[in-house]
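Enquirer: Quick one: the structure is below, questions incoming.
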Amino acid sequence: PVAPADGESVTVEDQAAGMSVMVTSVTLSQTGWIAVKDDHGWILGAGRFDAGTSENVSVPLLRGTEPGERYQVLLYIDDGDREFDFQKDSLVIEGGGAVPGAMFSAQ
């Protein structure tokens, strides 16, 4: 499922590899998730955040990032069960089909 963007945004900077990702800023119109994907499309972890803007938040990972690799941060809207499931929660997309996500490199 997908959800149309309603002011959602996320920013992340290159950072040290590890078991969490520091997100510079995230804005959500309703309770949602920040998910971290690797270059193969695997989701390494996700963190739930309430509606509004949060700064300098950490997203815990089930599998850590590795130096020299690139990763993508995506936004999902929670389906109401407060548990992350990329098959049930809605990926946020913009009008032209673009995803308001961000890329970063682990160092």
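Residue numbers start at 1 in each chain; chains themselves are named A, B, ... in the order of the structure tokens; ligands are numbered from 1 in the order shown.
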Show me, as a PyMOL selection string, the residues that have an atom within 12 Å of range 34-41 of chain A when counting only C-alpha atoms, minus same-chain residues fewer than 3 positions from it.
Expert: chain A and resi 8-12+19-28+31+44-50+54+57-66+68-78+84-86+89-92+100-106
Enquirer: List as a ChimeraX atom specification the protein and nucleic acid residues near Ser29 in chain A, meaning an atom at most 8 Å away when only C-alpha atoms are counted, but skip any in the same chain fewer than 6 places from it.
Expert: /A:6-8,51-52
Enquirer: Can you list, as a PyMOL selection string, all residues belonging to chain A that DSSP tags as strand (DSSP E or B)?
Expert: chain A and resi 2-4+9-12+15+20-28+32-37+43-49+52-60+70-77+90-93+102-106
Enquirer: Would you mind reading off the distance between CA of Ala3 in chain A and CA of Gly96 in chain A, one decimal, in Å?
Expert: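 If I compute the distance from CA of Ala3 in chain A to CA of Gly96 in chain A, I get 12.5 Å.
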Enquirer: Could you tell me how far CA of Ala98 in chain A sits from CA of Glu83 in chain A, in Å to one decimal place?
Expert: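 Atom-to-atom, CA of Glu83 in chain A to CA of Ala98 in chain A, that is 24.6 Å.
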Enquirer: Which of these residues is nearest to Arg82 in chain A, using only C-alpha atoms: A:Gln107, A:Glu94, A:Trp33, A:Ile43?
Expert: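 Closest to Arg82 in chain A, using only C-alpha atoms: A:Trp33.
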Enquirer: What gap, in Å, lies between CA of Glu13 in chain A and CA of Val99 in chain A?
Expert: 17.4 Å
Enquirer: Point out the residue among A:Ala17, A:Gln87, A:Gly95, A:Gly80 with the least atom-to-atom distance to Gln30 in chain A, counting only C-alpha atoms.
Expert: A:Gly80
